[in-house]
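**Q** My structure is stored as upload_7.pdb, with PDB, C-alpha atoms.
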```
ATOM      1  CA  MET A 340      14.008 -74.205  -9.813  1.00  0.00           C
ATOM      2  CA  PRO A 341      10.433 -74.045 -11.141  1.00  0.00           C
ATOM      3  CA  HIS A 342       8.070 -71.724  -9.305  1.00  0.00           C
ATOM      4  CA  THR A 343       4.786 -72.688  -7.668  1.00  0.00           C
ATOM      5  CA  THR A 344       4.320 -70.252  -4.798  1.00  0.00           C
ATOM      6  CA  ALA A 345       1.693 -67.568  -4.305  1.00  0.00           C
ATOM      7  CA  ASN A 346       4.255 -65.138  -5.752  1.00  0.00           C
ATOM      8  CA  PRO A 347       5.594 -66.929  -8.832  1.00  0.00           C
ATOM      9  CA  ARG A 348       8.815 -65.649 -10.380  1.00  0.00           C
ATOM     10  CA  LEU A 349       8.062 -64.599 -13.947  1.00  0.00           C
ATOM     11  CA  LEU A 350      11.418 -64.780 -15.705  1.00  0.00           C
ATOM     12  CA  GLY A 351      10.467 -66.158 -19.110  1.00  0.00           C
ATOM     13  CA  GLY A 352       9.635 -62.899 -20.843  1.00  0.00           C
ATOM     14  CA  ARG A 353       6.409 -64.287 -22.363  1.00  0.00           C
ATOM     15  CA  LEU A 354       3.257 -65.481 -20.630  1.00  0.00           C
ATOM     16  CA  ALA A 355       3.294 -68.949 -22.225  1.00  0.00           C
ATOM     17  CA  ILE A 356       6.940 -69.444 -21.271  1.00  0.00           C
ATOM     18  CA  ASP A 357       6.292 -68.479 -17.663  1.00  0.00           C
ATOM     19  CA  PHE A 358       3.342 -70.888 -17.668  1.00  0.00           C
ATOM     20  CA  ALA A 359       5.539 -73.730 -18.957  1.00  0.00           C
ATOM     21  CA  ASN A 360       8.056 -72.896 -16.232  1.00  0.00           C
ATOM     22  CA  THR A 361       5.526 -73.634 -13.458  1.00  0.00           C
ATOM     23  CA  LEU A 362       6.287 -77.361 -13.578  1.00  0.00           C
ATOM     24  CA  PRO A 363       6.304 -78.478  -9.928  1.00  0.00           C
ATOM     25  CA  VAL A 364       8.952 -80.838  -8.630  1.00  0.00           C
ATOM     26  CA  ALA A 365       6.831 -83.181  -6.523  1.00  0.00           C
ATOM     27  CA  HIS A 366       3.213 -82.745  -7.598  1.00  0.00           C
ATOM     28  CA  ASP A 367       0.902 -81.516 -10.318  1.00  0.00           C
ATOM     29  CA  LEU A 368       0.052 -77.846 -10.474  1.00  0.00           C
ATOM     30  CA  SER A 369      -2.772 -77.158  -8.037  1.00  0.00           C
ATOM     31  CA  TRP A 370      -5.797 -74.965  -8.714  1.00  0.00           C
ATOM     32  CA  ASN A 371      -4.512 -72.326  -6.276  1.00  0.00           C
ATOM     33  CA  GLU A 372      -1.082 -72.275  -7.930  1.00  0.00           C
ATOM     34  CA  PHE A 373      -2.712 -71.804 -11.326  1.00  0.00           C
ATOM     35  CA  VAL A 374      -4.831 -68.913 -10.049  1.00  0.00           C
ATOM     36  CA  TYR A 375      -1.798 -67.284  -8.375  1.00  0.00           C
ATOM     37  CA  PHE A 376       0.057 -67.582 -11.677  1.00  0.00           C
ATOM     38  CA  LEU A 377      -2.776 -65.900 -13.595  1.00  0.00           C
ATOM     39  CA  GLU A 378      -2.821 -63.032 -11.110  1.00  0.00           C
ATOM     40  CA  ALA A 379       0.962 -62.608 -11.204  1.00  0.00           C
ATOM     41  CA  GLY A 380       0.849 -62.651 -15.016  1.00  0.00           C
ATOM     42  CA  ARG A 381      -1.893 -59.996 -14.951  1.00  0.00           C
ATOM     43  CA  VAL A 382      -4.348 -62.243 -16.760  1.00  0.00           C
ATOM     44  CA  ILE A 383      -6.835 -61.724 -13.937  1.00  0.00           C
ATOM     45  CA  SER A 384      -7.318 -59.057 -11.295  1.00  0.00           C
ATOM     46  CA  PRO A 385      -6.789 -59.654  -7.553  1.00  0.00           C
ATOM     47  CA  ALA A 386     -10.550 -59.524  -7.098  1.00  0.00           C
ATOM     48  CA  ARG A 387     -11.121 -62.192  -9.761  1.00  0.00           C
ATOM     49  CA  SER A 388      -8.299 -64.230  -8.222  1.00  0.00           C
ATOM     50  CA  ALA A 389     -10.006 -64.182  -4.819  1.00  0.00           C
ATOM     51  CA  HIS A 390     -13.256 -65.366  -6.409  1.00  0.00           C
ATOM     52  CA  LEU A 391     -11.579 -68.155  -8.403  1.00  0.00           C
ATOM     53  CA  LEU A 392      -9.794 -69.458  -5.312  1.00  0.00           C
ATOM     54  CA  THR A 393     -13.213 -70.417  -3.915  1.00  0.00           C
ATOM     55  CA  LEU A 394     -14.188 -72.375  -7.033  1.00  0.00           C
ATOM     56  CA  PRO A 395     -12.939 -75.840  -5.929  1.00  0.00           C
ATOM     57  CA  GLN A 396     -15.361 -75.640  -2.993  1.00  0.00           C
ATOM     58  CA  ALA A 397     -18.231 -73.985  -4.883  1.00  0.00           C
ATOM     59  CA  GLU A 398     -17.947 -75.882  -8.192  1.00  0.00           C
ATOM     60  CA  PRO A 399     -15.415 -78.706  -7.791  1.00  0.00           C
ATOM     61  CA  GLN A 400     -16.278 -80.416 -11.089  1.00  0.00           C
ATOM     62  CA  ALA A 401     -15.825 -77.183 -13.058  1.00  0.00           C
ATOM     63  CA  ALA A 402     -12.463 -76.509 -11.400  1.00  0.00           C
ATOM     64  CA  ASP A 403     -11.288 -80.081 -12.047  1.00  0.00           C
ATOM     65  CA  ALA A 404     -12.305 -79.881 -15.710  1.00  0.00           C
ATOM     66  CA  VAL A 405     -10.321 -76.682 -16.248  1.00  0.00           C
ATOM     67  CA  LEU A 406      -7.338 -78.006 -14.291  1.00  0.00           C
ATOM     68  CA  LEU A 407      -7.130 -81.024 -16.614  1.00  0.00           C
ATOM     69  CA  LYS A 408      -6.897 -78.641 -19.570  1.00  0.00           C
ATOM     70  CA  VAL A 409      -4.315 -76.575 -17.677  1.00  0.00           C
ATOM     71  CA  LEU A 410      -2.072 -79.587 -17.125  1.00  0.00           C
ATOM     72  CA  ARG A 411      -2.519 -80.807 -20.719  1.00  0.00           C
ATOM     73  CA  LEU A 412      -1.623 -77.398 -22.127  1.00  0.00           C
ATOM     74  CA  ARG A 413       1.410 -77.015 -19.887  1.00  0.00           C
ATOM     75  CA  GLU A 414       2.727 -80.476 -20.773  1.00  0.00           C
ATOM     76  CA  SER A 415       2.313 -79.658 -24.458  1.00  0.00           C
ATOM     77  CA  LEU A 416       4.090 -76.305 -24.135  1.00  0.00           C
ATOM     78  CA  ARG A 417       7.051 -77.841 -22.323  1.00  0.00           C
ATOM     79  CA  ALA A 418       7.416 -80.413 -25.103  1.00  0.00           C
ATOM     80  CA  ILE A 419       7.062 -77.741 -27.801  1.00  0.00           C
ATOM     81  CA  PHE A 420       9.560 -75.367 -26.187  1.00  0.00           C
ATOM     82  CA  THR A 421      12.056 -78.190 -25.657  1.00  0.00           C
ATOM     83  CA  ALA A 422      11.803 -79.031 -29.364  1.00  0.00           C
ATOM     84  CA  VAL A 423      12.297 -75.366 -30.302  1.00  0.00           C
ATOM     85  CA  VAL A 424      15.383 -75.012 -28.082  1.00  0.00           C
ATOM     86  CA  GLN A 425      16.843 -78.198 -29.587  1.00  0.00           C
ATOM     87  CA  ALA A 426      16.008 -77.028 -33.136  1.00  0.00           C
ATOM     88  CA  GLU A 427      13.708 -80.014 -33.676  1.00  0.00           C
ATOM     89  CA  LYS A 428      10.459 -80.180 -35.623  1.00  0.00           C
ATOM     90  CA  ILE A 429       7.253 -79.681 -33.630  1.00  0.00           C
ATOM     91  CA  PRO A 430       4.840 -82.584 -34.238  1.00  0.00           C
ATOM     92  CA  ARG A 431       1.349 -81.491 -35.258  1.00  0.00           C
ATOM     93  CA  ASP A 432      -0.369 -83.293 -32.367  1.00  0.00           C
ATOM     94  CA  TRP A 433       1.704 -81.380 -29.801  1.00  0.00           C
ATOM     95  CA  VAL A 434       0.040 -78.175 -30.952  1.00  0.00           C
ATOM     96  CA  GLU A 435      -3.507 -79.531 -30.571  1.00  0.00           C
ATOM     97  CA  PRO A 436      -3.902 -78.463 -26.898  1.00  0.00           C
ATOM     98  CA  VAL A 437      -3.050 -74.892 -27.970  1.00  0.00           C
ATOM     99  CA  ASN A 438      -5.505 -74.998 -30.849  1.00  0.00           C
ATOM    100  CA  ASP A 439      -8.197 -76.523 -28.627  1.00  0.00           C
ATOM    101  CA  VAL A 440      -8.072 -73.472 -26.381  1.00  0.00           C
ATOM    102  CA  LEU A 441      -7.904 -71.042 -29.308  1.00  0.00           C
ATOM    103  CA  ARG A 442     -10.994 -72.652 -30.863  1.00  0.00           C
ATOM    104  CA  ILE A 443     -13.212 -72.304 -27.816  1.00  0.00           C
ATOM    105  CA  THR A 444     -12.162 -68.883 -26.597  1.00  0.00           C
ATOM    106  CA  GLU A 445     -13.158 -65.598 -28.127  1.00  0.00           C
ATOM    107  CA  GLY A 446     -11.829 -62.168 -27.391  1.00  0.00           C
ATOM    108  CA  HIS A 447      -9.962 -59.204 -28.757  1.00  0.00           C
ATOM    109  CA  ASP A 448      -6.627 -57.434 -28.614  1.00  0.00           C
ATOM    110  CA  GLU A 449      -6.535 -54.271 -26.559  1.00  0.00           C
ATOM    111  CA  LEU A 450      -3.866 -51.658 -25.875  1.00  0.00           C
ATOM    112  CA  VAL A 451      -3.003 -51.550 -22.175  1.00  0.00           C
ATOM    113  CA  LEU A 452      -0.720 -48.972 -20.551  1.00  0.00           C
ATOM    114  CA  GLY A 453       1.980 -50.653 -18.483  1.00  0.00           C
ATOM    115  CA  ASP A 454       4.511 -49.110 -16.106  1.00  0.00           C
ATOM    116  CA  LYS A 455       6.550 -47.514 -18.888  1.00  0.00           C
ATOM    117  CA  ALA A 456       4.927 -48.252 -22.229  1.00  0.00           C
ATOM    118  CA  TRP A 457       1.866 -49.474 -24.042  1.00  0.00           C
ATOM    119  CA  ARG A 458       1.507 -53.189 -24.689  1.00  0.00           C
ATOM    120  CA  MET A 459      -0.931 -55.345 -26.621  1.00  0.00           C
ATOM    121  CA  GLU A 460      -2.997 -57.613 -24.402  1.00  0.00           C
ATOM    122  CA  PHE A 461      -5.514 -60.279 -25.342  1.00  0.00           C
ATOM    123  CA  ILE A 462      -8.829 -59.763 -23.551  1.00  0.00           C
ATOM    124  CA  ALA A 463     -10.941 -62.903 -23.571  1.00  0.00           C
ATOM    125  CA  ARG A 464     -14.700 -62.865 -23.574  1.00  0.00           C
ATOM    126  CA  GLU A 465     -15.631 -64.515 -20.323  1.00  0.00           C
ATOM    127  CA  GLY A 466     -17.751 -67.471 -21.379  1.00  0.00           C
ATOM    128  CA  GLY A 467     -17.291 -70.415 -19.026  1.00  0.00           C
ATOM    129  CA  LEU A 468     -13.872 -70.968 -17.478  1.00  0.00           C
ATOM    130  CA  ASP A 469     -11.850 -71.932 -20.545  1.00  0.00           C
ATOM    131  CA  TRP A 470     -11.131 -68.248 -21.117  1.00  0.00           C
ATOM    132  CA  LEU A 471      -8.601 -68.512 -18.276  1.00  0.00           C
ATOM    133  CA  LEU A 472      -6.299 -70.312 -20.710  1.00  0.00           C
ATOM    134  CA  ALA A 473      -6.957 -68.039 -23.686  1.00  0.00           C
ATOM    135  CA  ALA A 474      -4.142 -65.547 -23.103  1.00  0.00           C
ATOM    136  CA  ILE A 475      -1.647 -68.375 -22.483  1.00  0.00           C
ATOM    137  CA  ALA A 476      -2.637 -70.170 -25.687  1.00  0.00           C
ATOM    138  CA  ARG A 477      -2.422 -66.930 -27.663  1.00  0.00           C
ATOM    139  CA  SER A 478       1.048 -66.243 -26.259  1.00  0.00           C
ATOM    140  CA  ALA A 479       2.161 -69.790 -27.148  1.00  0.00           C
ATOM    141  CA  ALA A 480       0.816 -69.447 -30.693  1.00  0.00           C
ATOM    142  CA  GLU A 481       2.755 -66.218 -31.199  1.00  0.00           C
ATOM    143  CA  ILE A 482       5.983 -67.951 -30.124  1.00  0.00           C
ATOM    144  CA  ILE A 483       5.362 -70.963 -32.371  1.00  0.00           C
ATOM    145  CA  VAL A 484       4.689 -68.852 -35.492  1.00  0.00           C
ATOM    146  CA  GLU A 485       7.996 -67.023 -35.010  1.00  0.00           C
ATOM    147  CA  GLY A 486       9.529 -70.202 -36.377  1.00  0.00           C
ATOM    148  CA  ALA A 487      13.112 -71.405 -36.255  1.00  0.00           C
ATOM    149  CA  ASN A 488      14.546 -67.986 -35.419  1.00  0.00           C
ATOM    150  CA  VAL A 489      12.543 -67.477 -32.235  1.00  0.00           C
ATOM    151  CA  PRO A 490      15.018 -66.521 -29.466  1.00  0.00           C
ATOM    152  CA  LEU A 491      13.757 -69.140 -27.028  1.00  0.00           C
ATOM    153  CA  ARG A 492      16.452 -70.462 -24.699  1.00  0.00           C
ATOM    154  CA  ARG A 493      16.853 -72.764 -21.724  1.00  0.00           C
ATOM    155  CA  CYS A 494      18.853 -71.582 -18.713  1.00  0.00           C
ATOM    156  CA  ALA A 495      22.510 -72.668 -18.881  1.00  0.00           C
ATOM    157  CA  ASN A 496      22.295 -73.839 -15.272  1.00  0.00           C
ATOM    158  CA  SER A 497      21.745 -77.587 -15.678  1.00  0.00           C
ATOM    159  CA  ASN A 498      19.993 -77.673 -12.286  1.00  0.00           C
ATOM    160  CA  CYS A 499      17.494 -75.026 -13.382  1.00  0.00           C
ATOM    161  CA  GLY A 500      15.950 -75.836 -16.743  1.00  0.00           C
ATOM    162  CA  LEU A 501      13.708 -72.764 -17.003  1.00  0.00           C
ATOM    163  CA  PHE A 502      12.892 -71.448 -20.465  1.00  0.00           C
ATOM    164  CA  PHE A 503      13.215 -67.767 -21.347  1.00  0.00           C
ATOM    165  CA  TYR A 504      12.699 -65.490 -24.329  1.00  0.00           C
ATOM    166  CA  ASP A 505      16.047 -63.875 -25.140  1.00  0.00           C
ATOM    167  CA  SER A 506      15.236 -60.281 -25.951  1.00  0.00           C
ATOM    168  CA  SER A 507      18.769 -59.100 -25.215  1.00  0.00           C
ATOM    169  CA  ARG A 508      20.497 -56.967 -27.852  1.00  0.00           C
ATOM    170  CA  THR A 509      23.083 -59.638 -28.735  1.00  0.00           C
ATOM    171  CA  HIS A 510      20.780 -62.642 -28.221  1.00  0.00           C
ATOM    172  CA  ARG A 511      23.499 -64.287 -26.146  1.00  0.00           C
ATOM    173  CA  ARG A 512      21.742 -64.370 -22.800  1.00  0.00           C
ATOM    174  CA  ARG A 513      22.544 -67.594 -20.937  1.00  0.00           C
ATOM    175  CA  TRP A 514      20.656 -67.430 -17.654  1.00  0.00           C
ATOM    176  CA  CYS A 515      17.010 -67.287 -16.679  1.00  0.00           C
ATOM    177  CA  SER A 516      18.126 -64.516 -14.325  1.00  0.00           C
ATOM    178  CA  MET A 517      21.534 -62.973 -13.653  1.00  0.00           C
ATOM    179  CA  ALA A 518      20.446 -62.380 -10.056  1.00  0.00           C
ATOM    180  CA  LEU A 519      19.754 -66.097  -9.598  1.00  0.00           C
ATOM    181  CA  CYS A 520      21.511 -68.598 -11.836  1.00  0.00           C
ATOM    182  CA  GLY A 521      23.962 -66.114 -13.337  1.00  0.00           C
ATOM    183  CA  ASN A 522      25.172 -65.022  -9.927  1.00  0.00           C
ATOM    184  CA  ARG A 523      25.396 -68.624  -8.697  1.00  0.00           C
ATOM    185  CA  HIS A 524      27.586 -69.444 -11.693  1.00  0.00           C
ATOM    186  CA  LYS A 525      29.871 -66.490 -10.953  1.00  0.00           C
ATOM    187  CA  VAL A 526      30.205 -67.509  -7.297  1.00  0.00           C
ATOM    188  CA  ALA A 527      30.912 -71.138  -8.229  1.00  0.00           C
ATOM    189  CA  ALA A 528      33.525 -70.068 -10.798  1.00  0.00           C
ATOM    190  CA  PHE A 529      35.166 -67.743  -8.247  1.00  0.00           C
ATOM    191  CA  MET A 530      35.296 -70.479  -5.612  1.00  0.00           C
ATOM    192  CA  SER A 531      36.754 -72.912  -8.157  1.00  0.00           C
ATOM    193  CA  ARG A 532      39.498 -70.444  -9.146  1.00  0.00           C
ATOM    194  CA  ARG A 533      40.192 -69.688  -5.497  1.00  0.00           C
ATOM    195  CA  GLY A 534      40.493 -73.394  -4.708  1.00  0.00           C
ATOM    196  CA  ALA A 535      42.815 -73.915  -7.661  1.00  0.00           C
ATOM    197  CA  ARG A 536      45.078 -71.044  -6.509  1.00  0.00           C
ATOM    198  CA  ARG A 537      45.261 -72.485  -2.987  1.00  0.00           C
ATOM    199  CA  HIS A 538      46.116 -75.877  -4.400  1.00  0.00           C
ATOM    200  CA  GLU A 539      48.907 -74.359  -6.499  1.00  0.00           C
ATOM    201  CA  ALA A 540      50.217 -72.390  -3.522  1.00  0.00           C
ATOM    202  CA  GLY A 541      50.293 -75.525  -1.369  1.00  0.00           C
ATOM    203  CA  ARG A 542      52.553 -77.397  -3.727  1.00  0.00           C
TER
END
```
If you took the structure in this file and wrote it as structure tokens, what would it be?

**A**
Amino acid sequence: MPHTTANPRLLGGRLAIDFANTLPVAHDLSWNEFVYFLEAGRVISPARSAHLLTLPQAEPQAADAVLLKVLRLRESLRAIFTAVVQAEKIPRDWVEPVNDVLRITEGHDELVLGDKAWRMEFIAREGGLDWLLAAIARSAAEIIVEGANVPLRRCANSNCGLFFYDSSRTHRRRWCSMALCGNRHKVAAFMSRRGARRHEAGR
């Protein structure tokens, strides 16, 4: 159930988690899908998104170079988050793609007013195109330094596999989304109970 459309579903609760969740089923993440993700995650504005969508035609080599880093970072984050969920040690070399981005991007934290509250947002200095990955790498680093107690989970739906940051009060959240996988589980459980009752009644 990974998302790759022009309107990606951001269910992970952290930018880096949502980025890791963009793993396509049949193909690598395309440039357009990456740009749509950045816009949905509010890393870039709609105007910047429109400009970046023209980059593969205007500067194909530059777009390809960034996309290689995008795919490398995403692969690394999926491996890291899987290790965290399984309470396994994170090998040092898995973190290198994150550090590579952090080394080459500069910026600053800034308070940004959201719909209901203030939030801290990393604003990258726009030098080259690597800055597009800066906010994702920063988000990933923050998750990694939380250590063994980070409330990172994988959806209990075995057909889903999305990661999410469990910020619930009890830290017992099981689904990437109650409206999606949680509801499907409830429907499946109801149908199973209903079938069992019919079977018992038919005896």

**Q** In Å, how far is it from CA of Trp514 (chain A) to CA of Pro430 (chain A)?

**A**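 Result for CA of Trp514 (chain A) versus CA of Pro430 (chain A): 27.5 Å, one decimal.
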
**Q** Selection in question (the file shown): the PyMOL selection byres ((chain A and resi 374) around 9). Which residues does it include, as a list in words?

**A**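 Selection result, ordered by chain and number: Ala345, Ser369, Trp370, Asn371, Glu372, Phe373, Tyr375, Phe376, Leu377, Glu378, Ala379, Ile383, Ser388, Ala389, Leu391 and Leu392 of chain A.
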
**Q** Report as a PyMOL selection string all protein, DNA and RNA residues lying within 12 Å of region 457-468 of chain A, evaluated on only C-alpha atoms, omitting residues in the same chain fewer than 5 positions from it.

**A** chain A and resi 353-354+374+380-383+387+391+394+398+400-406+408-409+440-441+443-452+473-478+481

**Q** Please evaluate the PyMOL selection byres ((chain A and resi 424) around 12) against the displayed coordinates and give the resulting residues as a PyMOL selection string.

**A** chain A and resi 417-423+425-429+482-483+486-495+500-505

**Q** Please, what distance in Å, to one decimal, runs between CA of Pro436 (chain A) and CA of Arg413 (chain A)?

**A**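 About the pair CA of Pro436 (chain A) and CA of Arg413 (chain A): they are 8.9 Å apart.
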
**Q** Just give me the gap between CA of Val434 (chain A) and CA of Asp469 (chain A) in Å, one decimal is fine.

**A**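 Going from CA of Val434 (chain A) over to CA of Asp469 (chain A), I get 17.0 Å.
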